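Structure below is final-v8.txt: compact mmCIF, C-alpha atoms and all ligand atoms.
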# COMPACT_ATOMS: atom_id res chain seq x y z
CA MET G 1 10.76 11.49 -11.21
CA MET G 2 9.14 10.36 -8.02
CA ASN G 3 5.94 8.93 -9.35
CA THR G 4 7.18 6.57 -12.00
CA GLN G 5 5.55 3.24 -11.66
CA LEU G 6 7.85 0.48 -10.54
CA VAL G 7 8.12 -2.12 -13.27
CA MET G 8 10.30 -5.13 -12.71
CA TYR G 9 11.41 -7.24 -15.65
CA GLU G 10 12.72 -10.76 -15.44
CA GLU G 11 16.33 -9.76 -16.15
CA ASP G 12 16.38 -7.12 -13.41
CA PHE G 13 14.77 -9.50 -11.00
CA LYS G 14 17.46 -12.10 -11.65
CA LYS G 15 20.18 -9.56 -10.93
CA ILE G 16 18.59 -8.63 -7.63
CA LEU G 17 18.11 -12.23 -6.69
CA ALA G 18 21.75 -13.00 -7.42
CA VAL G 19 22.86 -10.17 -5.12
CA ILE G 20 20.74 -11.28 -2.20
CA GLN G 21 21.48 -14.96 -2.61
CA ARG G 22 25.14 -14.13 -2.36
CA LEU G 23 24.46 -11.88 0.60
CA VAL G 24 22.70 -14.70 2.45
CA ARG G 25 25.90 -16.74 2.20
CA ASP G 26 28.41 -13.96 2.76
CA ALA G 27 26.62 -12.59 5.80
CA ASN G 28 25.56 -15.98 7.21
CA ALA G 29 22.03 -14.61 7.24
CA LYS G 30 18.85 -16.59 7.73
CA GLY G 31 16.79 -14.68 5.27
CA ILE G 32 16.84 -11.55 3.17
CA PHE G 33 14.00 -9.47 1.79
CA VAL G 34 13.93 -6.66 -0.68
CA VAL G 35 10.92 -4.42 -0.13
CA ASP G 36 9.80 -1.36 -1.99
CA LYS G 37 9.15 1.74 0.13
CA ASN G 38 5.44 1.41 -0.51
CA GLY G 39 5.36 -1.95 1.19
CA GLN G 40 5.53 -4.39 -1.69
CA LEU G 41 7.83 -7.36 -1.56
CA ILE G 42 10.25 -7.46 -4.48
CA ALA G 43 12.49 -10.43 -3.76
CA GLU G 44 13.48 -12.86 -1.02
CA ALA G 45 16.27 -15.32 -0.36
CA GLY G 46 17.35 -17.74 2.33
CA GLU G 47 15.26 -19.56 4.92
CA VAL G 48 12.05 -17.70 4.52
CA ARG G 49 9.57 -20.50 5.05
CA GLY G 50 7.00 -19.79 7.70
CA ILE G 51 7.51 -16.05 7.46
CA ASP G 52 4.49 -14.05 6.40
CA THR G 53 6.34 -12.07 3.77
CA THR G 54 3.44 -9.84 2.75
CA SER G 55 3.00 -8.63 6.33
CA LEU G 56 6.74 -8.29 6.75
CA ALA G 57 6.92 -6.07 3.68
CA SER G 58 4.08 -3.82 4.72
CA LEU G 59 5.31 -3.41 8.31
CA THR G 60 8.88 -2.77 7.19
CA ALA G 61 7.68 -0.03 4.89
CA GLY G 62 5.51 1.43 7.66
CA SER G 63 8.38 1.40 10.09
CA ILE G 64 10.78 2.99 7.60
CA ALA G 65 8.17 5.62 6.76
CA ALA G 66 7.67 6.42 10.44
CA THR G 67 11.37 6.70 11.27
CA GLY G 68 11.91 8.73 8.09
CA GLY G 69 9.25 11.11 9.36
CA LEU G 70 11.02 11.29 12.71
CA ALA G 71 14.32 12.02 11.00
CA LYS G 72 12.84 15.03 9.21
CA ILE G 73 11.39 16.34 12.46
CA ILE G 74 14.85 16.55 14.00
CA GLY G 75 16.40 17.89 10.81
CA GLU G 76 17.94 14.68 9.43
CA GLU G 77 17.35 13.56 5.87
CA ASP G 78 16.64 9.98 6.90
CA PHE G 79 17.89 7.19 9.14
CA PRO G 80 19.33 4.83 6.55
CA VAL G 81 20.23 1.94 8.87
CA HIS G 82 18.09 0.22 11.52
CA PHE G 83 18.96 -2.62 13.80
CA HIS G 84 16.51 -4.55 15.97
CA GLN G 85 17.91 -7.03 18.41
CA GLY G 86 15.83 -9.99 19.51
CA THR G 87 16.48 -12.88 21.87
CA ARG G 88 17.08 -15.25 18.98
CA ASP G 89 16.75 -13.42 15.70
CA ASN G 90 17.78 -9.93 14.76
CA LEU G 91 16.76 -7.57 11.99
CA HIS G 92 19.06 -5.33 10.04
CA ILE G 93 17.24 -2.89 7.81
CA THR G 94 18.86 -0.55 5.28
CA LEU G 95 17.47 2.00 2.88
CA VAL G 96 18.98 1.66 -0.55
CA GLY G 97 18.84 4.56 -2.97
CA GLY G 98 15.96 6.16 -1.13
CA ARG G 99 13.40 3.79 -2.56
CA ILE G 100 14.31 0.22 -1.72
CA ILE G 101 14.58 -1.45 1.67
CA LEU G 102 16.93 -4.32 2.33
CA VAL G 103 15.94 -6.49 5.30
CA VAL G 104 18.36 -9.05 6.73
CA VAL G 105 17.25 -11.60 9.33
CA PHE G 106 20.13 -13.20 11.21
CA ASP G 107 20.84 -15.12 14.39
CA ASP G 108 23.99 -15.89 16.38
CA ARG G 109 25.52 -17.82 13.51
CA SER G 110 26.36 -14.34 12.26
CA SER G 111 27.09 -11.00 13.88
CA LEU G 112 26.06 -7.41 13.48
CA GLY G 113 29.56 -6.50 12.35
CA LEU G 114 29.58 -9.07 9.58
CA VAL G 115 26.08 -8.22 8.43
CA ARG G 116 26.87 -4.55 8.36
CA LEU G 117 30.00 -5.11 6.32
CA ARG G 118 28.37 -7.36 3.74
CA VAL G 119 25.24 -5.26 3.46
CA LYS G 120 27.33 -2.25 2.59
CA LYS G 121 28.68 -3.91 -0.53
CA ALA G 122 25.46 -5.64 -1.53
CA GLY G 123 23.51 -2.43 -0.91
CA ALA G 124 25.76 -0.53 -3.29
CA GLU G 125 25.27 -3.15 -6.00
CA MET G 126 21.56 -3.18 -5.45
CA GLY G 127 21.47 0.61 -5.60
CA LYS G 128 23.02 0.47 -9.06
CA ILE G 129 20.54 -2.10 -10.29
CA PHE G 130 17.61 0.00 -9.13
CA GLU G 131 19.13 3.11 -10.65
CA GLU G 132 19.16 1.29 -13.96
CA ILE G 133 15.57 0.18 -13.50
CA GLN G 134 14.57 3.73 -12.71
CA LYS G 135 16.37 5.11 -15.75
CA LYS G 136 14.77 2.53 -17.95
CA ALA G 137 11.34 3.43 -16.62
CA GLU G 138 11.94 7.13 -17.17
CA ARG G 139 13.18 6.50 -20.69
CA GLU G 140 10.14 4.42 -21.48
CA ALA G 141 7.84 6.99 -19.95
CA ALA G 142 9.47 9.79 -21.94
CA THR G 143 9.41 8.00 -25.26
CA GLY G 144 6.05 6.42 -24.64
CA THR G 145 7.40 2.95 -25.32
CA ALA G 146 6.43 1.55 -21.95
CA LYS G 147 4.82 -1.78 -22.58
CA SER G 148 2.32 -2.74 -19.99
CA PRO G 149 0.11 -5.78 -19.79
CA PHE G 150 -2.62 -3.32 -18.97
CA ALA G 151 -2.54 -1.41 -22.19
CA GLU G 152 -4.54 -4.13 -23.87
CA ILE G 153 -7.07 -5.03 -21.23
CA THR G 154 -10.73 -4.52 -21.88
CA ASP G 155 -13.53 -3.52 -19.58
CA ASP G 156 -14.65 -7.14 -19.78
CA ASP G 157 -11.33 -8.32 -18.37
CA ILE G 158 -11.86 -6.04 -15.43
CA ASP G 159 -15.47 -7.07 -14.97
CA ASN G 160 -14.52 -10.73 -15.06
CA LEU G 161 -12.28 -10.25 -12.04
CA PHE G 162 -15.32 -9.35 -10.04
CA SER G 163 -17.77 -11.96 -11.16
CA GLU G 164 -17.46 -14.52 -8.42
CA MET O 1 1.88 3.53 -7.12
CA SER O 2 1.26 0.19 -8.63
CA PHE O 3 4.08 -2.27 -8.98
CA ILE O 4 4.20 -4.54 -12.01
CA ASN O 5 6.44 -7.55 -11.61
CA TYR O 6 7.07 -9.39 -14.87
CA SER O 7 9.13 -11.99 -13.11
CA SER O 8 6.41 -13.24 -10.76
CA ARG O 9 3.71 -11.95 -13.15
CA GLU O 10 2.02 -9.92 -10.47
CA ILE O 11 0.59 -6.50 -10.23
CA ASN O 12 0.11 -4.81 -6.87
CA CYS O 13 -2.06 -1.79 -6.24
CA LYS O 14 -2.50 0.25 -3.07
CA ILE O 15 -5.91 1.47 -1.95
CA VAL O 16 -6.33 3.77 1.04
CA TYR O 17 -9.51 4.15 3.10
CA TYR O 18 -9.62 7.71 4.38
CA GLY O 19 -12.12 9.52 6.57
CA PRO O 20 -12.78 11.10 9.97
CA GLY O 21 -12.26 9.30 13.28
CA LEU O 22 -14.75 6.50 13.99
CA CYS O 23 -16.38 6.70 10.55
CA GLY O 24 -15.88 2.96 10.04
CA LYS O 25 -12.71 2.51 7.97
CA THR O 26 -11.36 -0.33 10.08
CA THR O 27 -14.83 -1.92 10.12
CA ASN O 28 -14.84 -1.94 6.30
CA LEU O 29 -11.57 -3.89 6.22
CA GLN O 30 -12.70 -6.24 8.96
CA PHE O 31 -15.83 -7.07 7.02
CA ILE O 32 -13.87 -7.67 3.82
CA TYR O 33 -11.47 -9.84 5.77
CA THR O 34 -14.16 -12.03 7.32
CA LYS O 35 -16.00 -12.50 4.03
CA THR O 36 -13.04 -13.27 1.81
CA ASN O 37 -12.02 -16.79 0.91
CA PRO O 38 -8.84 -17.69 2.87
CA ASP O 39 -6.98 -18.47 -0.37
CA LEU O 40 -7.44 -14.94 -1.55
CA LYS O 41 -6.40 -12.99 1.50
CA GLY O 42 -3.36 -12.54 3.68
CA LYS O 43 -3.26 -11.63 7.34
CA MET O 44 -4.96 -8.44 8.40
CA ILE O 45 -2.63 -6.25 10.40
CA SER O 46 -4.04 -3.59 12.70
CA LEU O 47 -1.73 -1.18 14.44
CA ALA O 48 -4.21 0.15 16.97
CA THR O 49 -4.44 1.70 20.41
CA GLU O 50 -5.77 -0.27 23.35
CA THR O 51 -9.18 1.22 22.67
CA GLU O 52 -9.11 -0.07 19.10
CA ARG O 53 -8.56 3.26 17.45
CA THR O 54 -6.22 3.01 14.51
CA LEU O 55 -2.79 4.23 15.60
CA PHE O 56 -0.88 3.91 12.36
CA PHE O 57 -2.72 1.75 9.83
CA ASP O 58 -4.70 -1.39 9.10
CA PHE O 59 -3.43 -3.50 6.26
CA LEU O 60 -5.19 -6.22 4.30
CA PRO O 61 -3.70 -7.88 1.22
CA LEU O 62 -6.22 -9.31 -1.26
CA ALA O 63 -5.76 -11.33 -4.41
CA LEU O 64 -8.46 -10.63 -6.93
CA GLY O 65 -7.61 -13.09 -9.67
CA GLN O 66 -5.81 -12.87 -12.96
CA ILE O 67 -5.87 -10.38 -15.76
CA ARG O 68 -4.04 -11.44 -18.89
CA GLY O 69 -1.94 -13.87 -16.91
CA PHE O 70 -1.03 -11.36 -14.22
CA LYS O 71 -2.04 -12.00 -10.63
CA THR O 72 -3.85 -8.88 -9.51
CA ARG O 73 -3.33 -7.98 -5.88
CA PHE O 74 -4.75 -5.13 -3.90
CA HIS O 75 -3.24 -3.86 -0.70
CA LEU O 76 -5.90 -2.15 1.37
CA TYR O 77 -4.83 0.35 4.01
CA THR O 78 -6.78 2.51 6.42
CA VAL O 79 -5.47 5.72 7.92
CA PRO O 80 -5.98 6.80 11.53
CA GLY O 81 -8.88 9.25 11.41
CA GLN O 82 -8.19 11.19 14.58
CA VAL O 83 -7.11 14.71 13.70
CA PHE O 84 -3.81 14.66 15.58
CA TYR O 85 -2.48 11.67 13.62
CA ASP O 86 -1.95 13.75 10.51
CA ALA O 87 1.74 12.89 10.14
CA SER O 88 0.84 9.19 9.93
CA ARG O 89 -1.89 9.83 7.38
CA LYS O 90 0.60 11.54 5.10
CA LEU O 91 2.92 8.55 5.24
CA ILE O 92 0.17 6.10 4.37
CA LEU O 93 -0.88 8.09 1.33
CA LYS O 94 2.53 7.62 -0.24
CA GLY O 95 2.31 5.54 -3.37
CA VAL O 96 -1.48 5.37 -3.31
CA ASP O 97 -3.31 4.15 -6.42
CA GLY O 98 -6.88 4.75 -5.30
CA VAL O 99 -8.78 6.32 -2.40
CA VAL O 100 -12.06 5.46 -0.70
CA PHE O 101 -13.43 8.29 1.38
CA VAL O 102 -15.58 6.84 4.14
CA ALA O 103 -17.99 9.48 5.40
CA ASP O 104 -19.85 9.17 8.69
CA SER O 105 -23.50 9.77 7.80
CA GLN O 106 -24.45 11.04 11.24
CA ILE O 107 -25.59 14.66 11.03
CA GLU O 108 -23.30 15.74 13.84
CA ARG O 109 -20.28 14.38 11.93
CA MET O 110 -20.82 16.53 8.83
CA GLU O 111 -18.21 19.03 9.92
CA ALA O 112 -15.71 16.24 10.63
CA ASN O 113 -16.36 14.76 7.17
CA LEU O 114 -15.73 18.09 5.49
CA GLU O 115 -12.54 18.65 7.46
CA SER O 116 -11.30 15.18 6.63
CA ILE O 117 -11.92 15.51 2.91
CA ASP O 118 -10.07 18.84 2.91
CA ASN O 119 -7.26 17.21 4.80
CA LEU O 120 -7.16 14.46 2.18
CA LYS O 121 -6.79 17.02 -0.59
CA VAL O 122 -4.02 18.86 1.22
CA ASN O 123 -2.10 15.69 2.04
CA LEU O 124 -2.41 14.34 -1.49
CA ARG O 125 -1.19 17.61 -2.92
CA GLU O 126 1.88 17.38 -0.69
CA GLN O 127 2.68 14.11 -2.47
CA GLY O 128 2.11 15.67 -5.85
CA TYR O 129 -1.34 14.15 -6.44
CA GLU O 130 -4.67 15.86 -7.11
CA LEU O 131 -7.79 14.22 -5.77
CA ASP O 132 -9.66 14.78 -9.02
CA LYS O 133 -6.94 13.01 -11.00
CA ILE O 134 -6.72 9.77 -9.04
CA PRO O 135 -9.21 6.90 -8.71
CA PHE O 136 -11.58 8.01 -5.99
CA VAL O 137 -14.95 6.83 -4.64
CA ILE O 138 -17.06 7.89 -1.66
CA GLN O 139 -18.91 5.74 0.83
CA TYR O 140 -21.62 7.15 3.11
CA ASN O 141 -21.35 4.82 6.05
CA LYS O 142 -23.59 4.21 9.07
CA ARG O 143 -26.78 4.52 7.00
CA ASP O 144 -28.45 2.31 9.62
CA LEU O 145 -28.34 4.98 12.30
CA PRO O 146 -31.45 7.07 13.02
CA ASN O 147 -29.45 10.30 13.06
CA ALA O 148 -28.05 9.73 9.58
CA ALA O 149 -28.26 12.83 7.38
CA PRO O 150 -30.33 12.55 4.19
CA LEU O 151 -28.38 11.18 1.26
CA ASP O 152 -28.95 14.32 -0.84
CA GLU O 153 -27.41 16.46 1.82
CA LEU O 154 -24.31 14.26 2.11
CA ARG O 155 -23.93 14.18 -1.66
CA ARG O 156 -24.27 17.91 -2.00
CA GLN O 157 -21.68 18.61 0.68
CA LEU O 158 -19.17 15.85 0.07
CA ASN O 159 -19.44 14.66 -3.50
CA THR O 160 -18.78 17.96 -5.24
CA MET O 161 -16.71 16.15 -7.87
CA GLY O 162 -19.53 13.79 -8.78
CA VAL O 163 -17.57 10.56 -8.30
CA GLN O 164 -19.15 7.13 -7.76
CA ASP O 165 -20.69 6.94 -4.31
CA PHE O 166 -22.30 4.26 -2.16
CA GLU O 167 -24.46 3.95 0.92
CA ALA O 168 -23.15 1.50 3.48
CA SER O 169 -23.40 0.00 6.92
CA ALA O 170 -19.99 -1.45 7.48
CA THR O 171 -21.01 -3.32 10.62
CA THR O 172 -23.48 -5.44 8.64
CA GLY O 173 -21.41 -5.21 5.47
CA GLU O 174 -23.99 -3.51 3.35
CA GLY O 175 -22.28 -1.57 0.58
CA VAL O 176 -18.79 -2.64 1.62
CA PHE O 177 -17.98 -4.86 -1.35
CA GLU O 178 -19.74 -2.53 -3.78
CA THR O 179 -17.39 0.22 -2.65
CA LEU O 180 -14.32 -1.98 -2.90
CA LYS O 181 -15.22 -3.22 -6.36
CA ALA O 182 -15.84 0.28 -7.61
CA VAL O 183 -12.50 1.59 -6.45
CA ALA O 184 -10.63 -1.49 -7.68
CA LYS O 185 -12.23 -1.19 -11.10
CA THR O 186 -11.39 2.48 -11.27
CA VAL O 187 -7.78 1.74 -10.38
CA LEU O 188 -7.50 -0.91 -13.08
CA SER O 189 -9.13 1.31 -15.69
CA ASP O 190 -6.69 4.02 -14.72
CA LEU O 191 -3.74 1.67 -15.19
CA LYS O 192 -5.09 0.83 -18.59
CA ARG O 193 -5.50 4.48 -19.49
CA LEU O 194 -2.02 5.39 -18.23
CA SER O 195 -0.36 2.57 -20.11
CA ARG O 196 -1.79 3.64 -23.42
N1 LIG A 1 -24.14 1.65 13.57
C1 LIG A 1 -23.03 1.55 12.87
N2 LIG A 1 -21.85 1.54 13.50
C2 LIG A 1 -20.73 1.45 12.76
C3 LIG A 1 -20.77 1.34 11.34
N3 LIG A 1 -19.50 1.23 10.88
C4 LIG A 1 -18.70 1.28 11.96
N4 LIG A 1 -19.42 1.41 13.10
C5 LIG A 1 -18.91 1.48 14.48
O1 LIG A 1 -18.19 2.68 14.63
C6 LIG A 1 -17.09 2.50 15.53
C7 LIG A 1 -15.80 2.96 14.88
O2 LIG A 1 -15.50 2.13 13.77
P1 LIG A 1 -14.01 1.97 13.21
O3 LIG A 1 -14.11 1.11 12.02
O4 LIG A 1 -13.08 1.56 14.29
O5 LIG A 1 -13.70 3.47 12.81
P2 LIG A 1 -12.39 4.04 12.13
O6 LIG A 1 -12.84 4.88 11.00
O7 LIG A 1 -11.45 2.96 11.80
O8 LIG A 1 -11.82 4.98 13.28
P3 LIG A 1 -10.27 5.47 13.51
O9 LIG A 1 -9.43 4.26 13.51
O10 LIG A 1 -10.24 6.18 14.80
O11 LIG A 1 -9.97 6.39 12.38
C8 LIG A 1 -17.09 1.02 15.89
O12 LIG A 1 -17.71 0.89 17.14
C9 LIG A 1 -17.92 0.39 14.81
O13 LIG A 1 -18.57 -0.78 15.23
C10 LIG A 1 -22.05 1.33 10.70
O14 LIG A 1 -22.20 1.24 9.48
N5 LIG A 1 -23.15 1.45 11.51
MG MG A 2 -9.55 2.58 12.31

How would this structure read if it were set down as structure tokens?
Ligand SMILES: Nc1nc2c(ncn2[C@@H]2O[C@H](COP(=O)(O)OP(=O)(O)OP(=O)(O)O)[C@@H](O)[C@H]2O)c(=O)[nH]1
Ligand SMILES: [Mg+2]
Amino acid sequence: MMNTQLVMYEEDFKKILAVIQRLVRDANAKGIFVVDKNGQLIAEAGEVRGIDTTSLASLTAGSIAATGGLAKIIGEEDFPVHFHQGTRDNLHITLVGGRIILVVVFDDRSSLGLVRLRVKKAGAEMGKIFEEIQKKAEREAATGTAKSPFAEITDDDIDNLFSE
Amino acid sequence: MSFINYSSREINCKIVYYGPGLCGKTTNLQFIYTKTNPDLKGKMISLATETERTLFFDFLPLALGQIRGFKTRFHLYTVPGQVFYDASRKLILKGVDGVVFVADSQIERMEANLESIDNLKVNLREQGYELDKIPFVIQYNKRDLPNAAPLDELRRQLNTMGVQDFEASATTGEGVFETLKAVAKTVLSDLKRLSR
């Protein structure tokens, strides 16, 4: 189902974090970001200080959306891998499982070949984790057991947000 | 589509400002940006042409505060209003939780408003959404202009669904926060309803 809400529990988050923390080391990357296709940051690892991660997430999603649109125009399903070369830092961007974007920032301490190789493995692991998350969400949606912090909120809770 | 993160105890929602070219979508976000406490906002990103027309989107992340221990964040986006940017508009609607339709009150823009609202319906439907099933509010912008159409007329033509609507002048900020609050509240109420 395409429109299931993305819900991330602590245990899933830890699994994702473990994958990208390992990837930072294995690929000699500076920083790694996991972004949802709608532009929300899910996880980060490495040297990410000073990076505006919210902007990064939104622009990554915009860029992936735009190139995905281009792909369809020429009859491709998608362009799953993107590489942007800079003078100092480079970006390697991969689509995982059609819904998640893996962004790797690296410099000349690493190489495109190494990043590509390591991302392949980490991407596959990440794909499995998100598949599980998706299945869980669908199960919960089907059985109506989804627990949400929002089930219990009152109109007052909402109003209080807006009383400055 | 909202994203609930139990690990960081955050909830993110996406709101899209839609409407015809030059109706004032970007101006709405700019006003919100300038009037929001720096602790509560991120950078505003505008992907625009050299003449300041939106090329792809504007983006403004806002933190509203906490609900039941969850940080509530809203990501505001605008679409490019010019007709030929339709492919980009479709992309920006993906994963939307709530829509603000910004209408240009000027009489001569009535046709453009109607076309844009139709375009919104078509593009939402392509994503599997129906406009009357998602959080939706209307803003009649540019009320300050002498050639603004009467409110009744705008309502009759544009607000056929009878949703919450607001008069605004985005350049001075009148009505801007009222609109934002209304859509944000509707989104949160919807989350509550859906999680029942
Ligand atoms: N008088 C008046 N002018 C306004 C108002 N809101 C916006 N404008 C002006 O209208 C022009 C277009 O505003 P934008 O916010 O860039 O319009 P937009 O909807 O983002 O346009 P696109 O990006 O092309 O879709 C600018 O010159 C604004 O200053 C208003 O309430 N009153
Ligand atoms: Mg604009």

Q) So which residues are near ligand MG 2 (chain A), meaning at most 7 Å away with all atoms listed in the file counted, given back as a ChimeraX atom specification? A) /O:22,24-26,53-54,78-81

Q: Name the residues, by chain letter and number, that sit within 10 Å of ligand LIG 1 (chain A) using all atoms listed in the file, and give them as a count of residues only.
A: 57

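Between CA of Ala65 (chain G) and CA of Gly95 (chain O) the interatomic distance comes to 11.7 Å.
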
Q | Atomic separation - CA of Lys30 (chain G) relative to CA of Glu47 (chain G), Å | A | 5.4 Å

Edge lengths and centre in Å to one decimal, as AutoDock Vina command-line options, is what I'm after for the box along x, y and z that holds all listed atoms of region 89-107 of chain O once 4 Å is added on each side.
--center_x -11.3 --center_y 9.4 --center_z 2.4 --size_x 36.5 --size_y 18.5 --size_z 25.7

(Q) What does the structure give for the distance between CA of Gly31 (chain G) and CA of Tyr33 (chain O), in Å to one decimal? (A) 28.7 Å

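Distances to chain O were evaluated for G:Leu117, G:Leu70, G:Ile100, G:Val19 using all atoms listed in the file, and the minimum falls at G:Leu70.
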
Q: Please identify all polymer residues lying at most 6 Å from the point (3.8, 4.8, -5.0) (file coordinates), using only C-alpha atoms, and present the result as a ChimeraX atom specification.
A: /G:38 /O:1,94-96

Residues of chain G within 10 Å of chain O, counting all atoms listed in the file - could you list those as a PDB file with C-alpha atoms, in the coordinates of the input?
ATOM      1  CA  MET G   2       9.140  10.360  -8.020  1.00  0.00           C
ATOM      2  CA  ASN G   3       5.940   8.930  -9.350  1.00  0.00           C
ATOM      3  CA  THR G   4       7.180   6.570 -12.000  1.00  0.00           C
ATOM      4  CA  GLN G   5       5.550   3.240 -11.660  1.00  0.00           C
ATOM      5  CA  LEU G   6       7.850   0.480 -10.540  1.00  0.00           C
ATOM      6  CA  VAL G   7       8.120  -2.120 -13.270  1.00  0.00           C
ATOM      7  CA  MET G   8      10.300  -5.130 -12.710  1.00  0.00           C
ATOM      8  CA  TYR G   9      11.410  -7.240 -15.650  1.00  0.00           C
ATOM      9  CA  GLU G  10      12.720 -10.760 -15.440  1.00  0.00           C
ATOM     10  CA  GLU G  11      16.330  -9.760 -16.150  1.00  0.00           C
ATOM     11  CA  ASP G  12      16.380  -7.120 -13.410  1.00  0.00           C
ATOM     12  CA  PHE G  13      14.770  -9.500 -11.000  1.00  0.00           C
ATOM     13  CA  LYS G  14      17.460 -12.100 -11.650  1.00  0.00           C
ATOM     14  CA  ASP G  36       9.800  -1.360  -1.990  1.00  0.00           C
ATOM     15  CA  LYS G  37       9.150   1.740   0.130  1.00  0.00           C
ATOM     16  CA  ASN G  38       5.440   1.410  -0.510  1.00  0.00           C
ATOM     17  CA  GLY G  39       5.360  -1.950   1.190  1.00  0.00           C
ATOM     18  CA  GLN G  40       5.530  -4.390  -1.690  1.00  0.00           C
ATOM     19  CA  LEU G  41       7.830  -7.360  -1.560  1.00  0.00           C
ATOM     20  CA  ILE G  42      10.250  -7.460  -4.480  1.00  0.00           C
ATOM     21  CA  ALA G  43      12.490 -10.430  -3.760  1.00  0.00           C
ATOM     22  CA  ASP G  52       4.490 -14.050   6.400  1.00  0.00           C
ATOM     23  CA  THR G  53       6.340 -12.070   3.770  1.00  0.00           C
ATOM     24  CA  THR G  54       3.440  -9.840   2.750  1.00  0.00           C
ATOM     25  CA  SER G  55       3.000  -8.630   6.330  1.00  0.00           C
ATOM     26  CA  SER G  58       4.080  -3.820   4.720  1.00  0.00           C
ATOM     27  CA  LEU G  59       5.310  -3.410   8.310  1.00  0.00           C
ATOM     28  CA  ALA G  61       7.680  -0.030   4.890  1.00  0.00           C
ATOM     29  CA  GLY G  62       5.510   1.430   7.660  1.00  0.00           C
ATOM     30  CA  SER G  63       8.380   1.400  10.090  1.00  0.00           C
ATOM     31  CA  ILE G  64      10.780   2.990   7.600  1.00  0.00           C
ATOM     32  CA  ALA G  65       8.170   5.620   6.760  1.00  0.00           C
ATOM     33  CA  ALA G  66       7.670   6.420  10.440  1.00  0.00           C
ATOM     34  CA  GLY G  68      11.910   8.730   8.090  1.00  0.00           C
ATOM     35  CA  GLY G  69       9.250  11.110   9.360  1.00  0.00           C
ATOM     36  CA  LEU G  70      11.020  11.290  12.710  1.00  0.00           C
ATOM     37  CA  ALA G 141       7.840   6.990 -19.950  1.00  0.00           C
ATOM     38  CA  GLY G 144       6.050   6.420 -24.640  1.00  0.00           C
ATOM     39  CA  THR G 145       7.400   2.950 -25.320  1.00  0.00           C
ATOM     40  CA  ALA G 146       6.430   1.550 -21.950  1.00  0.00           C
ATOM     41  CA  LYS G 147       4.820  -1.780 -22.580  1.00  0.00           C
ATOM     42  CA  SER G 148       2.320  -2.740 -19.990  1.00  0.00           C
ATOM     43  CA  PRO G 149       0.110  -5.780 -19.790  1.00  0.00           C
ATOM     44  CA  PHE G 150      -2.620  -3.320 -18.970  1.00  0.00           C
ATOM     45  CA  ALA G 151      -2.540  -1.410 -22.190  1.00  0.00           C
ATOM     46  CA  GLU G 152      -4.540  -4.130 -23.870  1.00  0.00           C
ATOM     47  CA  ILE G 153      -7.070  -5.030 -21.230  1.00  0.00           C
ATOM     48  CA  THR G 154     -10.730  -4.520 -21.880  1.00  0.00           C
ATOM     49  CA  ASP G 155     -13.530  -3.520 -19.580  1.00  0.00           C
ATOM     50  CA  ASP G 157     -11.330  -8.320 -18.370  1.00  0.00           C
ATOM     51  CA  ILE G 158     -11.860  -6.040 -15.430  1.00  0.00           C
ATOM     52  CA  ASP G 159     -15.470  -7.070 -14.970  1.00  0.00           C
ATOM     53  CA  ASN G 160     -14.520 -10.730 -15.060  1.00  0.00           C
ATOM     54  CA  LEU G 161     -12.280 -10.250 -12.040  1.00  0.00           C
ATOM     55  CA  PHE G 162     -15.320  -9.350 -10.040  1.00  0.00           C
ATOM     56  CA  GLU G 164     -17.460 -14.520  -8.420  1.00  0.00           C
TER      57      GLU G 164
END

Q) Which one is closest to Gly98 (chain G): G:Pro80, G:Gly75, G:Gly86, G:Gly113? Count all atoms listed in the file. A) G:Pro80

Q.
Would you pick out the contacts of Thr160 (chain O) at 12 Å or less, using all atoms listed in the file, so that residues sharing its chain but fewer than 3 positions from it are not included, and give the list as a PyMOL selection string?
A. chain O and resi 114+117-118+131-132+137-138+152-157+163-165

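Using only C-alpha atoms, the contacts of Asp39 (chain O) at a cut-off of 10 Å, with sequence neighbours closer than 3 positions omitted, comprise Thr36, Gly42, Leu62 and Ala63 of chain O.
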
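Take the candidates G:Ala27, G:Glu44, G:Val96, G:Leu56 and check each one against Lys128 (chain G) using all atoms listed in the file; the shortest distance goes to G:Val96.
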
Q. Which one is closest to Asp89 (chain G): G:Ala18, G:Leu114, G:Val105, G:Ala45? Count all atoms listed in the file.
A. G:Val105

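Candidate residues O:Val187, O:Pro150, O:Phe177, O:Leu120 were compared for distance to Phe101 (chain O), and the nearest is O:Leu120, using only C-alpha atoms.
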
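The closest residue to Leu102 (chain G), picked from G:Glu132, G:Arg118, G:Thr67, G:Ile32 and counting all atoms listed in the file, is G:Ile32.
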